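Take a look at the structure set out below.
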Amino acid sequence: MQKKETIDWLFVMPNDLIGGGAQQVLYTIINFLIKQGKSCTVVFTIRKKHRGWESIENKCNIVYLENSSVYKGYFDAFKYIKKLTKRHHIKHAISSQTLINGLLGFLKFVKTLKNTKLILRESTSIFLRFKGFKLLLYKTAYKFGYKQADLIICQTDLMREQLLEALPWLKKKNKVVVIPNPVNLDEITTKASESINFEIDNFIVTAGRIIPEKGFDLLIDSFNLLIDKSLKLVILGMETNKEKQKLVNQIETLGLQNRVILYGFAKNVYPIFKKAKLCVVSSRIEGFPNVLLQMMSQNNAIVSTLCAGEIANIKGIFTCENNDVASLKDAMEKGLNNNKNNQLIFKDYLKSRSIDKFVNSILKKIN
């Protein structure tokens, strides 16, 4: 019998949208593991749609399944991984999306990933964010998949509490832990030093997918109330036609066409964050906003809603209630008038979230 090759780490993701928080975290982990000489395979459940993974295509095995639908992709991912295990020994498998977490857990239940250490990461507060059939679908994934996990990672204490309250049977497993989202400081330093073509001046910036959870509608209303009418607002992020049109209509109604810029996707956000007068996270709800860490690495003036656990404990940032236009406006005014240099505080905080500490924490807990 031919000896099986080893895959140190298998990553499974719904799509290749690297701007998404969950994918960004996994991308950071993959980059770190590659530099450690580990063999990595990345499986996307649908065909290639976005750019951003080209820099590591020759350093690991990246597989795109030929689907246009993520839901059909789950079934194809099941078949692909089953086929993959016939030729490879997979030491670790990791995912950050609940339905894929369920899929990997089921594959372990049926012994396909029998000897694989399974690490499942919670990417958002599912039980606060979803309702109806979609929530039922996620609950099914939890039931079938999470019992098989070797480790379940929550981003904050609040997220862990919510998960255990919703799924009390997980308490008996004693494998739900809190490991804060990592940052790769070396990668940030490299990207921040790059020269990019961005000629907008005197602006406030935010970033994220244009979806209701990000609260960009609230941010636009708050921006409209600011005293300084010379400022611009730049919104970086992937757009969907439906949600973008809502923002376009709102901007036109408020007469802000010349001041609010829906910039679209930016490959390198760090020089833009550094140049901004103020960086803002306006989300209604998050697992933990990774973009907040990116902003802290570049700028002194940071505002964030209390959209996730842990944010209230971060020193040096200006916080406000989520889903509250007036509160957000007041925090933005304070941020714009900020004269303190918070970079030493921010750098110490980011060092506590270094990627090597993150990966070492995982390995320590599963071994």
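For the structure tokens, the naming scheme is as follows: chains receive sequential letters (A, B, ...) according to their order of presentation, residues are indexed from 1 within each chain, and ligands are indexed from 1 in presentation order.
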
Determine, for each residue of range 183-290 of chain A having at least one atom at most 9 Å from an atom of range 104-128 of chain A, the closest pair of atoms and their separation in Å to one decimal, counting only C-alpha atoms; order by chain and ascending number, as CSV.
residue,atom,partner,partner_atom,distance
A:Ile285,CA,A:Ser125,CA,7.9
A:Glu286,CA,A:Thr124,CA,5.8
A:Gly287,CA,A:Thr124,CA,3.9
A:Phe288,CA,A:Thr124,CA,7.4

- Item | Residues near Val63 in chain A, cut-off 8 Å, only C-alpha atoms, skip fewer than 2 positions along chain, as a ChimeraX atom specification | /A:41-44,61,65

- Message: DSSP on the backbone, strand (DSSP E or B) only: what residues of range 138-287 of chain A does that give? Format it as a VMD selection string.
- Response: chain A and resid 151 to 154 176 to 178 183 203 to 207 232 to 236 260 to 264 278 to 281

Would you write out those residues with C-alpha atoms, as a compact mmCIF listing (two decimals), in the first residue's frame?
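As a result, part.txt now contains:
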# COMPACT_ATOMS: atom_id res chain seq x y z
CA LEU A 151 -11.15 22.56 20.43
CA ILE A 152 -13.79 25.29 19.99
CA ILE A 153 -12.36 28.80 19.91
CA CYS A 154 -14.41 31.86 20.89
CA VAL A 176 -14.70 25.76 24.58
CA VAL A 177 -11.92 28.30 25.11
CA VAL A 178 -11.31 32.00 24.53
CA VAL A 183 -2.57 39.87 14.28
CA PHE A 203 -11.26 62.14 5.73
CA ILE A 204 -12.75 59.72 8.23
CA VAL A 205 -12.49 56.06 7.24
CA THR A 206 -14.35 52.84 7.94
CA ALA A 207 -14.06 49.40 6.37
CA LYS A 232 -15.13 63.43 3.93
CA LEU A 233 -16.23 59.90 4.87
CA VAL A 234 -14.56 57.01 3.03
CA ILE A 235 -16.20 53.57 3.22
CA LEU A 236 -13.88 50.75 2.16
CA VAL A 260 -19.34 60.36 1.37
CA ILE A 261 -17.27 58.05 -0.85
CA LEU A 262 -18.19 54.39 -1.36
CA TYR A 263 -14.65 53.49 -2.32
CA GLY A 264 -15.07 49.73 -2.76
CA LEU A 278 -10.26 59.23 12.36
CA CYS A 279 -10.94 55.49 11.99
CA VAL A 280 -14.41 54.22 12.89
CA VAL A 281 -16.03 50.84 13.54

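You can rank A:Asn338, A:Gln298, A:Gln97, A:Ser39 by their closest distance to Leu10 in chain A using only C-alpha atoms, and at the top of that list sits A:Ser39.
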
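Minimum atom-to-atom distances from A:Leu247, A:Ala149, A:Leu136, A:Leu163 to Lys175 in chain A were compared using only C-alpha atoms, and the lowest value belongs to A:Ala149.
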
- Message: Which of range 295-367 of chain A end up as helix (DSSP H, G or I) when DSSP is run on this backbone - answer as a PyMOL selection string?
- Response: chain A and resi 295-296+311-313+325-336+343-351+355-366

Expected file: the selected residues, N, CA and C atoms, as a compact mmCIF listing (two decimals), in the first residue's frame:
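Saved the output as again-v7.txt:
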# COMPACT_ATOMS: atom_id res chain seq x y z
N MET A 295 -6.86 49.06 12.40
CA MET A 295 -6.88 50.51 12.59
C MET A 295 -5.95 50.93 13.72
N MET A 296 -5.96 50.17 14.81
CA MET A 296 -5.12 50.50 15.97
C MET A 296 -3.63 50.43 15.64
N ILE A 311 -14.27 44.97 23.69
CA ILE A 311 -14.00 46.32 23.16
C ILE A 311 -13.97 47.35 24.29
N ALA A 312 -14.86 47.22 25.26
CA ALA A 312 -14.92 48.19 26.37
C ALA A 312 -13.64 48.19 27.20
N ASN A 313 -12.85 47.12 27.11
CA ASN A 313 -11.62 47.01 27.92
C ASN A 313 -10.37 47.53 27.21
N VAL A 325 -27.17 56.67 16.83
CA VAL A 325 -26.56 57.70 15.99
C VAL A 325 -25.94 58.82 16.82
N ALA A 326 -26.66 59.31 17.82
CA ALA A 326 -26.17 60.43 18.63
C ALA A 326 -24.92 60.03 19.42
N SER A 327 -24.93 58.83 19.98
CA SER A 327 -23.78 58.35 20.75
C SER A 327 -22.55 58.20 19.86
N LEU A 328 -22.75 57.70 18.65
CA LEU A 328 -21.66 57.55 17.70
C LEU A 328 -21.11 58.91 17.28
N LYS A 329 -21.99 59.85 17.05
CA LYS A 329 -21.55 61.21 16.66
C LYS A 329 -20.70 61.84 17.76
N ASP A 330 -21.12 61.71 19.03
CA ASP A 330 -20.37 62.28 20.15
C ASP A 330 -18.98 61.64 20.26
N ALA A 331 -18.91 60.32 20.09
CA ALA A 331 -17.61 59.63 20.15
C ALA A 331 -16.71 60.07 19.01
N MET A 332 -17.28 60.31 17.84
CA MET A 332 -16.48 60.77 16.70
C MET A 332 -15.94 62.17 16.93
N GLU A 333 -16.73 63.05 17.54
CA GLU A 333 -16.26 64.40 17.86
C GLU A 333 -15.08 64.33 18.84
N LYS A 334 -15.19 63.43 19.84
CA LYS A 334 -14.09 63.25 20.79
C LYS A 334 -12.84 62.72 20.10
N GLY A 335 -13.04 61.77 19.20
CA GLY A 335 -11.91 61.20 18.47
C GLY A 335 -11.20 62.23 17.60
N LEU A 336 -11.98 63.08 16.95
CA LEU A 336 -11.41 64.11 16.08
C LEU A 336 -10.64 65.16 16.88
N GLN A 343 -0.18 55.22 20.41
CA GLN A 343 0.47 54.13 19.69
C GLN A 343 1.20 53.15 20.61
N LEU A 344 1.82 53.64 21.69
CA LEU A 344 2.50 52.72 22.60
C LEU A 344 1.50 51.79 23.28
N ILE A 345 0.37 52.35 23.69
CA ILE A 345 -0.70 51.54 24.31
C ILE A 345 -1.23 50.52 23.31
N PHE A 346 -1.48 50.99 22.09
CA PHE A 346 -2.03 50.11 21.06
C PHE A 346 -1.05 49.00 20.69
N LYS A 347 0.24 49.36 20.58
CA LYS A 347 1.24 48.35 20.20
C LYS A 347 1.37 47.27 21.25
N ASP A 348 1.31 47.65 22.52
CA ASP A 348 1.36 46.65 23.59
C ASP A 348 0.16 45.72 23.51
N TYR A 349 -0.99 46.31 23.24
CA TYR A 349 -2.22 45.49 23.13
C TYR A 349 -2.12 44.53 21.94
N LEU A 350 -1.64 45.02 20.81
CA LEU A 350 -1.53 44.17 19.62
C LEU A 350 -0.50 43.06 19.82
N LYS A 351 0.57 43.34 20.56
CA LYS A 351 1.57 42.30 20.84
C LYS A 351 0.96 41.15 21.63
N ILE A 355 0.30 36.50 16.33
CA ILE A 355 -0.08 35.26 15.67
C ILE A 355 0.65 34.06 16.25
N ASP A 356 1.89 34.22 16.66
CA ASP A 356 2.62 33.08 17.24
C ASP A 356 2.01 32.66 18.57
N LYS A 357 1.55 33.63 19.38
CA LYS A 357 0.88 33.30 20.63
C LYS A 357 -0.44 32.57 20.35
N PHE A 358 -1.14 33.00 19.31
CA PHE A 358 -2.43 32.39 18.95
C PHE A 358 -2.24 30.93 18.57
N VAL A 359 -1.32 30.67 17.64
CA VAL A 359 -1.10 29.30 17.18
C VAL A 359 -0.55 28.42 18.32
N ASN A 360 0.37 28.95 19.12
CA ASN A 360 0.93 28.18 20.22
C ASN A 360 -0.13 27.85 21.27
N SER A 361 -1.08 28.75 21.46
CA SER A 361 -2.19 28.48 22.39
C SER A 361 -3.03 27.31 21.90
N ILE A 362 -3.29 27.28 20.59
CA ILE A 362 -4.06 26.18 20.01
C ILE A 362 -3.34 24.86 20.22
N LEU A 363 -2.07 24.83 19.85
CA LEU A 363 -1.29 23.60 19.93
C LEU A 363 -1.19 23.09 21.37
N LYS A 364 -1.02 24.03 22.30
CA LYS A 364 -0.90 23.65 23.70
C LYS A 364 -2.20 23.01 24.20
N LYS A 365 -3.34 23.56 23.78
CA LYS A 365 -4.62 23.07 24.28
C LYS A 365 -5.04 21.74 23.64
N ILE A 366 -4.65 21.51 22.40
CA ILE A 366 -5.07 20.24 21.76
C ILE A 366 -4.07 19.11 21.98

- Task: Calculate how many Å separate CA of Asp76 in chain A from CA of Thr45 in chain A, rounding to one decimal.
- Result: 7.2 Å

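CA of Gln23 in chain A to CA of Ser96 in chain A spans 7.6 Å [interatomic distance, one decimal].
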
- Message: So the first atom is CA of Leu84 in chain A and the second is CA of Tyr138 in chain A; what is the distance between them in Å, to one decimal place?
- Response: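 Distance between the two atoms: 25.7 Å.
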
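Residue nearest Asn299 in chain A within the list A:Leu218, A:Leu225, A:Leu170, A:Ala192: A:Ala192 [criterion: smallest interatomic distance, only C-alpha atoms].
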
- Task: May I ask which of the residues A:Lys274, A:Lys35, A:Arg160, A:Lys4 is the closest one to Thr189 in chain A, counting only C-alpha atoms?
- Result: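 Selected residue with least distance to Thr189 in chain A: A:Lys274.
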